[in-house]
file start_34.pdb (PDB, C-alpha atoms and all ligand atoms)
MODEL        1
ATOM      1  CA  MET A 183      18.633   2.023 -26.022  1.00  0.00           C
ATOM      2  CA  SER A 184      17.941   4.716 -23.453  1.00  0.00           C
ATOM      3  CA  ALA A 185      20.492   5.807 -20.880  1.00  0.00           C
ATOM      4  CA  LYS A 186      18.249   4.398 -18.160  1.00  0.00           C
ATOM      5  CA  ARG A 187      18.153   0.993 -19.802  1.00  0.00           C
ATOM      6  CA  ALA A 188      21.910   0.975 -20.397  1.00  0.00           C
ATOM      7  CA  SER A 189      22.806   1.970 -16.830  1.00  0.00           C
ATOM      8  CA  SER A 190      20.453  -0.600 -15.367  1.00  0.00           C
ATOM      9  CA  LYS A 191      22.158  -3.291 -17.380  1.00  0.00           C
ATOM     10  CA  LYS A 192      25.250  -2.704 -15.266  1.00  0.00           C
ATOM     11  CA  SER A 193      23.313  -3.485 -12.089  1.00  0.00           C
ATOM     12  CA  GLY A 194      22.256  -6.749 -13.691  1.00  0.00           C
ATOM     13  CA  LYS A 195      18.506  -6.332 -13.856  1.00  0.00           C
ATOM     14  CA  SER A 196      16.530  -4.833 -16.714  1.00  0.00           C
ATOM     15  CA  VAL A 197      14.243  -1.917 -15.901  1.00  0.00           C
ATOM     16  CA  GLN A 198      11.293  -4.156 -16.814  1.00  0.00           C
ATOM     17  CA  SER A 199      12.217  -6.727 -14.176  1.00  0.00           C
ATOM     18  CA  GLN A 200      12.858  -3.983 -11.620  1.00  0.00           C
ATOM     19  CA  ILE A 201       9.358  -2.696 -12.371  1.00  0.00           C
ATOM     20  CA  ILE A 202       7.876  -6.179 -11.923  1.00  0.00           C
ATOM     21  CA  ASP A 203       9.722  -6.478  -8.578  1.00  0.00           C
ATOM     22  CA  GLY A 204       8.353  -3.099  -7.506  1.00  0.00           C
ATOM     23  CA  LEU A 205       4.828  -4.080  -8.530  1.00  0.00           C
ATOM     24  CA  THR A 206       5.184  -7.339  -6.585  1.00  0.00           C
ATOM     25  CA  ASP A 207       6.300  -5.444  -3.457  1.00  0.00           C
ATOM     26  CA  ALA A 208       3.350  -3.091  -3.855  1.00  0.00           C
ATOM     27  CA  TYR A 209       1.026  -6.078  -4.326  1.00  0.00           C
ATOM     28  CA  TRP A 210       2.192  -7.622  -1.021  1.00  0.00           C
ATOM     29  CA  LYS A 211       1.823  -4.310   0.779  1.00  0.00           C
ATOM     30  CA  GLU A 212      -1.766  -4.068  -0.414  1.00  0.00           C
ATOM     31  CA  MET A 213      -2.455  -7.652   0.661  1.00  0.00           C
ATOM     32  CA  GLU A 214      -0.973  -7.076   4.118  1.00  0.00           C
ATOM     33  CA  THR A 215      -2.976  -3.866   4.432  1.00  0.00           C
ATOM     34  CA  VAL A 216      -6.158  -5.807   3.691  1.00  0.00           C
ATOM     35  CA  GLN A 217      -5.314  -8.359   6.416  1.00  0.00           C
ATOM     36  CA  ASN A 218      -4.548  -5.727   9.012  1.00  0.00           C
ATOM     37  CA  TYR A 219      -7.424  -3.406   8.162  1.00  0.00           C
ATOM     38  CA  ILE A 220      -9.853  -6.312   8.471  1.00  0.00           C
ATOM     39  CA  ALA A 221      -8.321  -7.240  11.841  1.00  0.00           C
ATOM     40  CA  ALA A 222      -8.214  -3.669  13.165  1.00  0.00           C
ATOM     41  CA  SER A 223     -11.744  -2.870  12.034  1.00  0.00           C
ATOM     42  CA  SER A 224     -12.955  -6.025  13.817  1.00  0.00           C
ATOM     43  CA  ASN A 225     -10.875  -5.701  16.984  1.00  0.00           C
ATOM     44  CA  LEU A 226     -11.626  -2.094  17.932  1.00  0.00           C
ATOM     45  CA  ASP A 227     -14.031  -1.502  20.826  1.00  0.00           C
ATOM     46  CA  GLY A 228     -15.575   1.529  22.455  1.00  0.00           C
ATOM     47  CA  VAL A 229     -17.532   4.653  21.613  1.00  0.00           C
ATOM     48  CA  ASP A 230     -14.728   6.067  19.441  1.00  0.00           C
ATOM     49  CA  ALA A 231     -14.350   2.916  17.368  1.00  0.00           C
ATOM     50  CA  ASP A 232     -17.245   3.279  14.961  1.00  0.00           C
ATOM     51  CA  PRO A 233     -16.005   5.978  12.544  1.00  0.00           C
ATOM     52  CA  ILE A 234     -12.592   4.290  12.363  1.00  0.00           C
ATOM     53  CA  LYS A 235     -14.166   0.900  11.701  1.00  0.00           C
ATOM     54  CA  LYS A 236     -16.340   2.382   8.940  1.00  0.00           C
ATOM     55  CA  ALA A 237     -13.422   4.196   7.319  1.00  0.00           C
ATOM     56  CA  LEU A 238     -11.292   1.037   7.425  1.00  0.00           C
ATOM     57  CA  ALA A 239     -14.101  -1.072   5.999  1.00  0.00           C
ATOM     58  CA  GLY A 240     -14.364   1.279   3.024  1.00  0.00           C
ATOM     59  CA  ASP A 241     -10.609   1.224   2.489  1.00  0.00           C
ATOM     60  CA  ILE A 242     -10.443  -2.589   2.582  1.00  0.00           C
ATOM     61  CA  THR A 243     -12.515  -2.776  -0.611  1.00  0.00           C
ATOM     62  CA  GLU A 244     -10.249  -0.227  -2.277  1.00  0.00           C
ATOM     63  CA  GLU A 245      -7.049  -2.005  -1.184  1.00  0.00           C
ATOM     64  CA  VAL A 246      -8.344  -5.314  -2.578  1.00  0.00           C
ATOM     65  CA  GLY A 247      -9.004  -3.503  -5.853  1.00  0.00           C
ATOM     66  CA  HIS A 248      -5.458  -2.121  -5.790  1.00  0.00           C
ATOM     67  CA  ALA A 249      -4.014  -5.611  -5.315  1.00  0.00           C
ATOM     68  CA  GLN A 250      -6.082  -6.883  -8.259  1.00  0.00           C
ATOM     69  CA  GLN A 251      -4.929  -4.059 -10.516  1.00  0.00           C
ATOM     70  CA  LEU A 252      -1.293  -4.666  -9.548  1.00  0.00           C
ATOM     71  CA  ALA A 253      -1.681  -8.395 -10.199  1.00  0.00           C
ATOM     72  CA  ASN A 254      -3.090  -7.640 -13.640  1.00  0.00           C
ATOM     73  CA  ARG A 255      -0.194  -5.296 -14.425  1.00  0.00           C
ATOM     74  CA  ILE A 256       2.376  -7.882 -13.313  1.00  0.00           C
ATOM     75  CA  ARG A 257       0.837 -10.269 -15.868  1.00  0.00           C
ATOM     76  CA  VAL A 258       0.775  -7.637 -18.612  1.00  0.00           C
ATOM     77  CA  LEU A 259       4.529  -7.169 -18.114  1.00  0.00           C
ATOM     78  CA  GLY A 260       5.158 -10.904 -18.298  1.00  0.00           C
ATOM     79  CA  GLY A 261       5.639 -11.516 -14.572  1.00  0.00           C
ATOM     80  CA  VAL A 262       3.973 -14.061 -12.308  1.00  0.00           C
ATOM     81  CA  VAL A 263       1.742 -13.076  -9.403  1.00  0.00           C
ATOM     82  CA  PRO A 264       3.211 -14.887  -6.380  1.00  0.00           C
ATOM     83  CA  GLY A 265       1.389 -17.272  -4.064  1.00  0.00           C
ATOM     84  CA  SER A 266       1.231 -16.868  -0.307  1.00  0.00           C
ATOM     85  CA  MET A 267       4.408 -18.867   0.487  1.00  0.00           C
ATOM     86  CA  THR A 268       6.624 -15.949  -0.544  1.00  0.00           C
ATOM     87  CA  PHE A 269       4.720 -13.441   1.583  1.00  0.00           C
ATOM     88  CA  LYS A 270       6.751 -11.542   4.193  1.00  0.00           C
ATOM     89  CA  ALA A 271       4.908  -9.391   6.698  1.00  0.00           C
ATOM     90  CA  SER A 272       6.238  -5.965   7.665  1.00  0.00           C
ATOM     91  CA  GLN A 273       3.433  -3.875   9.200  1.00  0.00           C
ATOM     92  CA  LYS A 274       4.571  -4.182  12.835  1.00  0.00           C
ATOM     93  CA  ASN A 275       2.590  -1.158  13.961  1.00  0.00           C
ATOM     94  CA  LEU A 276      -0.724  -2.515  12.696  1.00  0.00           C
ATOM     95  CA  GLN A 277      -0.786  -5.537  14.987  1.00  0.00           C
ATOM     96  CA  PRO A 278      -3.603  -5.860  17.535  1.00  0.00           C
ATOM     97  CA  THR A 279      -2.920  -3.794  20.663  1.00  0.00           C
ATOM     98  CA  LYS A 280      -3.459  -4.959  24.266  1.00  0.00           C
ATOM     99  CA  ASP A 281      -6.061  -2.240  24.707  1.00  0.00           C
ATOM    100  CA  SER A 282      -8.806  -2.862  22.143  1.00  0.00           C
ATOM    101  CA  THR A 283     -10.108   0.705  22.615  1.00  0.00           C
ATOM    102  CA  ASP A 284      -6.768   2.236  21.529  1.00  0.00           C
ATOM    103  CA  VAL A 285      -8.003   3.887  18.339  1.00  0.00           C
ATOM    104  CA  VAL A 286      -5.003   6.228  18.187  1.00  0.00           C
ATOM    105  CA  ALA A 287      -2.618   3.278  17.794  1.00  0.00           C
ATOM    106  CA  VAL A 288      -4.712   2.037  14.862  1.00  0.00           C
ATOM    107  CA  ILE A 289      -4.873   5.511  13.300  1.00  0.00           C
ATOM    108  CA  LYS A 290      -1.081   5.882  13.546  1.00  0.00           C
ATOM    109  CA  GLY A 291      -0.556   2.402  12.152  1.00  0.00           C
ATOM    110  CA  VAL A 292      -2.808   3.195   9.198  1.00  0.00           C
ATOM    111  CA  ILE A 293      -0.992   6.479   8.463  1.00  0.00           C
ATOM    112  CA  GLU A 294       2.330   4.613   8.538  1.00  0.00           C
ATOM    113  CA  ALA A 295       1.011   1.908   6.195  1.00  0.00           C
ATOM    114  CA  GLU A 296      -0.349   4.514   3.786  1.00  0.00           C
ATOM    115  CA  ASN A 297       2.965   6.417   3.860  1.00  0.00           C
ATOM    116  CA  ASP A 298       4.820   3.210   3.114  1.00  0.00           C
ATOM    117  CA  GLY A 299       2.486   2.491   0.191  1.00  0.00           C
ATOM    118  CA  ILE A 300       2.902   6.034  -1.150  1.00  0.00           C
ATOM    119  CA  ALA A 301       6.713   5.762  -0.924  1.00  0.00           C
ATOM    120  CA  GLY A 302       6.625   2.510  -2.895  1.00  0.00           C
ATOM    121  CA  TYR A 303       4.450   4.027  -5.615  1.00  0.00           C
ATOM    122  CA  MET A 304       6.689   7.122  -5.805  1.00  0.00           C
ATOM    123  CA  LYS A 305       9.668   4.866  -6.412  1.00  0.00           C
ATOM    124  CA  LEU A 306       7.812   2.997  -9.146  1.00  0.00           C
ATOM    125  CA  ILE A 307       6.589   6.222 -10.759  1.00  0.00           C
ATOM    126  CA  ARG A 308      10.209   7.425 -11.015  1.00  0.00           C
ATOM    127  CA  LEU A 309      11.455   4.066 -12.249  1.00  0.00           C
ATOM    128  CA  CYS A 310       8.783   3.989 -14.973  1.00  0.00           C
ATOM    129  CA  ASP A 311       9.501   7.494 -16.233  1.00  0.00           C
ATOM    130  CA  GLY A 312      10.224   7.443 -19.944  1.00  0.00           C
ATOM    131  CA  VAL A 313      10.055   3.641 -19.962  1.00  0.00           C
ATOM    132  CA  ASP A 314       6.583   2.376 -19.007  1.00  0.00           C
ATOM    133  CA  TYR A 315       3.753   4.895 -19.002  1.00  0.00           C
ATOM    134  CA  GLY A 316       1.031   2.290 -18.440  1.00  0.00           C
ATOM    135  CA  THR A 317       2.514   1.197 -15.123  1.00  0.00           C
ATOM    136  CA  GLN A 318       3.339   4.788 -14.259  1.00  0.00           C
ATOM    137  CA  ASP A 319      -0.284   5.812 -14.843  1.00  0.00           C
ATOM    138  CA  LEU A 320      -1.562   2.959 -12.653  1.00  0.00           C
ATOM    139  CA  CYS A 321       0.885   3.820  -9.856  1.00  0.00           C
ATOM    140  CA  ILE A 322      -0.118   7.493  -9.935  1.00  0.00           C
ATOM    141  CA  ALA A 323      -3.789   6.511  -9.569  1.00  0.00           C
ATOM    142  CA  LEU A 324      -3.093   4.097  -6.706  1.00  0.00           C
ATOM    143  CA  MET A 325      -0.822   6.591  -4.948  1.00  0.00           C
ATOM    144  CA  THR A 326      -3.579   9.200  -5.166  1.00  0.00           C
ATOM    145  CA  ASP A 327      -6.000   6.774  -3.463  1.00  0.00           C
ATOM    146  CA  GLU A 328      -3.473   6.196  -0.664  1.00  0.00           C
ATOM    147  CA  GLU A 329      -3.059   9.954  -0.246  1.00  0.00           C
ATOM    148  CA  ASP A 330      -6.834  10.187   0.213  1.00  0.00           C
ATOM    149  CA  HIS A 331      -6.735   7.423   2.837  1.00  0.00           C
ATOM    150  CA  ARG A 332      -3.845   9.098   4.634  1.00  0.00           C
ATOM    151  CA  ARG A 333      -5.629  12.445   4.652  1.00  0.00           C
ATOM    152  CA  GLU A 334      -8.720  10.894   6.203  1.00  0.00           C
ATOM    153  CA  PHE A 335      -6.724   9.274   9.007  1.00  0.00           C
ATOM    154  CA  GLU A 336      -4.622  12.393   9.569  1.00  0.00           C
ATOM    155  CA  GLY A 337      -7.930  14.140  10.156  1.00  0.00           C
ATOM    156  CA  PHE A 338      -8.871  11.534  12.764  1.00  0.00           C
ATOM    157  CA  LEU A 339      -5.497  11.955  14.462  1.00  0.00           C
ATOM    158  CA  LYS A 340      -5.939  15.732  14.574  1.00  0.00           C
ATOM    159  CA  GLN A 341      -9.145  15.282  16.520  1.00  0.00           C
ATOM    160  CA  TYR A 342      -7.453  13.032  19.119  1.00  0.00           C
ATOM    161  CA  LYS A 343      -4.507  15.378  19.516  1.00  0.00           C
ATOM    162  CA  LYS A 344      -6.923  18.105  20.649  1.00  0.00           C
ATOM    163  CA  ARG A 345      -8.185  16.027  23.559  1.00  0.00           C
TER
HETATM  164 FE    FE B 401      -3.890   0.494  -1.621  1.00  0.00          FE
HETATM  165 FE    FE B 402      -4.732   2.841   1.378  1.00  0.00          FE
ENDMDL
END
call {"tool": "encode", "arguments": {"input": "start_34.pdb", "output": "structure tokens"}}
result
Amino acid sequence: MSAKRASSKKSGKSVQSQIIDGLTDAYWKEMETVQNYIAASSNLDGVDADPIKKALAGDITEEVGHAQQLANRIRVLGGVVPGSMTFKASQKNLQPTKDSTDVVAVIKGVIEAENDGIAGYMKLIRLCDGVDYGTQDLCIALMTDEEDHRREFEGFLKQYKKR
């Protein structure tokens, strides 16, 4: 038994079930991102909206794919993919704004959501180290996608800061 496994026993939960919990959190984050990116890409108006809408539309497909890969991994580890009744929303800064032309609010909300996703994957990557390389590999790939998304939206924000 590894030191990691032994120490986790004290906290009551096996590393495997902590990993399943982490994957479930990540799954919900992806699902909420999909909801809010669909809403934001639909709600935005104005001449500046188009590139943001297009970027969000592309990301939506990727985030759905992330959720599916996480769901598959939860099953591989013996967990159950939850239904919608256990969903708890948290992306306060991605709610529709009063001003539907406020692209900066959407950009900032997206960067925050991506950062939150990245932080969750980092935690999982550390938790999986030496214990579960399959999940670790998946989380590294998904985190890299989120870093790409974040970079794109940081670029958008840079442009608005110059104005
Ligand atoms: Fe994602
Ligand atoms: Fe993303």
call {"tool": "residues_near_ligand", "arguments": {"input": "start_34.pdb", "ligand": "ligand FE 401 (chain B)", "cutoff": "6 Å", "atoms": "all atoms listed in the file", "output": "PyMOL selection string"}}
result
chain A and resi 212+245+248+328
call {"tool": "atom_distance", "arguments": {"input": "start_34.pdb", "atom1": "CA of Asp203 (chain A)", "atom2": "CA of Tyr303 (chain A)"}}
result
12.1 Å
call {"tool": "closest_residue", "arguments": {"input": "start_34.pdb", "among": "A:Leu306, A:Leu226, A:Ile256, A:Ala249", "to": "ligand FE 402 (chain B)", "atoms": "all atoms listed in the file"}}
result
A:Ala249
call {"tool": "closest_atom_pairs", "arguments": {"input": "start_34.pdb", "of": "chain A", "to": "ligand FE 402 (chain B)", "cutoff": "12 Å", "atoms": "only C-alpha atoms and all ligand atoms", "output": "CSV"}}
result
residue,atom,partner,partner_atom,distance
A:Ala208,CA,B:FE402,FE,11.3
A:Lys211,CA,B:FE402,FE,9.7
A:Glu212,CA,B:FE402,FE,7.7
A:Met213,CA,B:FE402,FE,10.8
A:Glu214,CA,B:FE402,FE,11.0
A:Thr215,CA,B:FE402,FE,7.6
A:Val216,CA,B:FE402,FE,9.1
A:Asn218,CA,B:FE402,FE,11.5
A:Tyr219,CA,B:FE402,FE,9.6
A:Ala237,CA,B:FE402,FE,10.6
A:Leu238,CA,B:FE402,FE,9.1
A:Ala239,CA,B:FE402,FE,11.2
A:Gly240,CA,B:FE402,FE,9.9
A:Asp241,CA,B:FE402,FE,6.2
A:Ile242,CA,B:FE402,FE,8.0
A:Thr243,CA,B:FE402,FE,9.8
A:Glu244,CA,B:FE402,FE,7.3
A:Glu245,CA,B:FE402,FE,6.0
A:Val246,CA,B:FE402,FE,9.8
A:Gly247,CA,B:FE402,FE,10.5
A:His248,CA,B:FE402,FE,8.7
A:Ala249,CA,B:FE402,FE,10.8
A:Gly291,CA,B:FE402,FE,11.6
A:Val292,CA,B:FE402,FE,8.1
A:Ile293,CA,B:FE402,FE,8.8
A:Glu294,CA,B:FE402,FE,10.2
A:Ala295,CA,B:FE402,FE,7.6
A:Glu296,CA,B:FE402,FE,5.3
A:Asn297,CA,B:FE402,FE,8.8
A:Asp298,CA,B:FE402,FE,9.7
A:Gly299,CA,B:FE402,FE,7.3
A:Ile300,CA,B:FE402,FE,8.7
A:Tyr303,CA,B:FE402,FE,11.6
A:Ala323,CA,B:FE402,FE,11.6
A:Leu324,CA,B:FE402,FE,8.3
A:Met325,CA,B:FE402,FE,8.3
A:Thr326,CA,B:FE402,FE,9.2
A:Asp327,CA,B:FE402,FE,6.4
A:Glu328,CA,B:FE402,FE,4.1
A:Glu329,CA,B:FE402,FE,7.5
A:Asp330,CA,B:FE402,FE,7.7
A:His331,CA,B:FE402,FE,5.2
A:Arg332,CA,B:FE402,FE,7.1
A:Arg333,CA,B:FE402,FE,10.2
A:Glu334,CA,B:FE402,FE,10.2
A:Phe335,CA,B:FE402,FE,10.2
call {"tool": "residues_around", "arguments": {"input": "start_34.pdb", "residues": "Val286 (chain A)", "least_positions_apart": "3", "cutoff": "8 Å", "atoms": "only C-alpha atoms", "output": "PyMOL selection string"}}
result
chain A and resi 289-290+339+342
call {"tool": "closest_residue", "arguments": {"input": "start_34.pdb", "among": "A:Asn225, A:Gln251, A:Gln341, A:Gln198", "to": "Asp281 (chain A)", "atoms": "only C-alpha atoms"}}
result
A:Asn225
call {"tool": "atom_distance", "arguments": {"input": "start_34.pdb", "atom1": "CA of Phe338 (chain A)", "atom2": "CA of Pro233 (chain A)"}}
result
9.0 Å
call {"tool": "closest_residue", "arguments": {"input": "start_34.pdb", "among": "A:Leu309, A:Thr279, A:Ile202, A:Lys344", "to": "Arg255 (chain A)", "atoms": "all atoms listed in the file"}}
result
A:Ile202
call {"tool": "closest_residue", "arguments": {"input": "start_34.pdb", "among": "A:Ser266, A:Gln277, A:Ser282, A:Gln250", "to": "Leu205 (chain A)", "atoms": "all atoms listed in the file"}}
result
A:Gln250
call {"tool": "closest_residue", "arguments": {"input": "start_34.pdb", "among": "A:Lys340, A:Ala222, A:Val313, A:Lys236", "to": "Val197 (chain A)", "atoms": "only C-alpha atoms"}}
result
A:Val313
call {"tool": "closest_residue", "arguments": {"input": "start_34.pdb", "among": "A:Ala271, A:Ile201, A:Lys195, A:Thr283", "to": "Ile307 (chain A)", "atoms": "only C-alpha atoms"}}
result
A:Ile201
call {"tool": "resolve_selection", "arguments": {"input": "start_34.pdb", "expression": "the PyMOL selection byres (((chain A and resi 270) around 12) and not hetatm)", "output": "PyMOL selection string"}}
result
chain A and resi 206-207+209-211+213-214+264-269+271-274
call {"tool": "write_last_selection", "arguments": {"input": "start_34.pdb", "atoms": "C-alpha atoms", "output": "PDB file, keeping the file's coordinate frame"}}
result
ATOM      1  CA  THR A 206       5.184  -7.339  -6.585  1.00  0.00           C
ATOM      2  CA  ASP A 207       6.300  -5.444  -3.457  1.00  0.00           C
ATOM      3  CA  TYR A 209       1.026  -6.078  -4.326  1.00  0.00           C
ATOM      4  CA  TRP A 210       2.192  -7.622  -1.021  1.00  0.00           C
ATOM      5  CA  LYS A 211       1.823  -4.310   0.779  1.00  0.00           C
ATOM      6  CA  MET A 213      -2.455  -7.652   0.661  1.00  0.00           C
ATOM      7  CA  GLU A 214      -0.973  -7.076   4.118  1.00  0.00           C
ATOM      8  CA  PRO A 264       3.211 -14.887  -6.380  1.00  0.00           C
ATOM      9  CA  GLY A 265       1.389 -17.272  -4.064  1.00  0.00           C
ATOM     10  CA  SER A 266       1.231 -16.868  -0.307  1.00  0.00           C
ATOM     11  CA  MET A 267       4.408 -18.867   0.487  1.00  0.00           C
ATOM     12  CA  THR A 268       6.624 -15.949  -0.544  1.00  0.00           C
ATOM     13  CA  PHE A 269       4.720 -13.441   1.583  1.00  0.00           C
ATOM     14  CA  ALA A 271       4.908  -9.391   6.698  1.00  0.00           C
ATOM     15  CA  SER A 272       6.238  -5.965   7.665  1.00  0.00           C
ATOM     16  CA  GLN A 273       3.433  -3.875   9.200  1.00  0.00           C
ATOM     17  CA  LYS A 274       4.571  -4.182  12.835  1.00  0.00           C
TER      18      LYS A 274
END
call {"tool": "axis_aligned_box", "arguments": {"input": "start_34.pdb", "around": "region 301-318 of chain A", "padding_each_side": "6 Å", "output": "AutoDock Vina command-line options"}}
result
--center_x 6.2 --center_y 4.3 --center_z -10.4 --size_x 22.4 --size_y 18.3 --size_z 31.0
call {"tool": "atom_distance", "arguments": {"input": "start_34.pdb", "atom1": "CA of Cys310 (chain A)", "atom2": "CA of Gln200 (chain A)"}}
result
9.6 Å
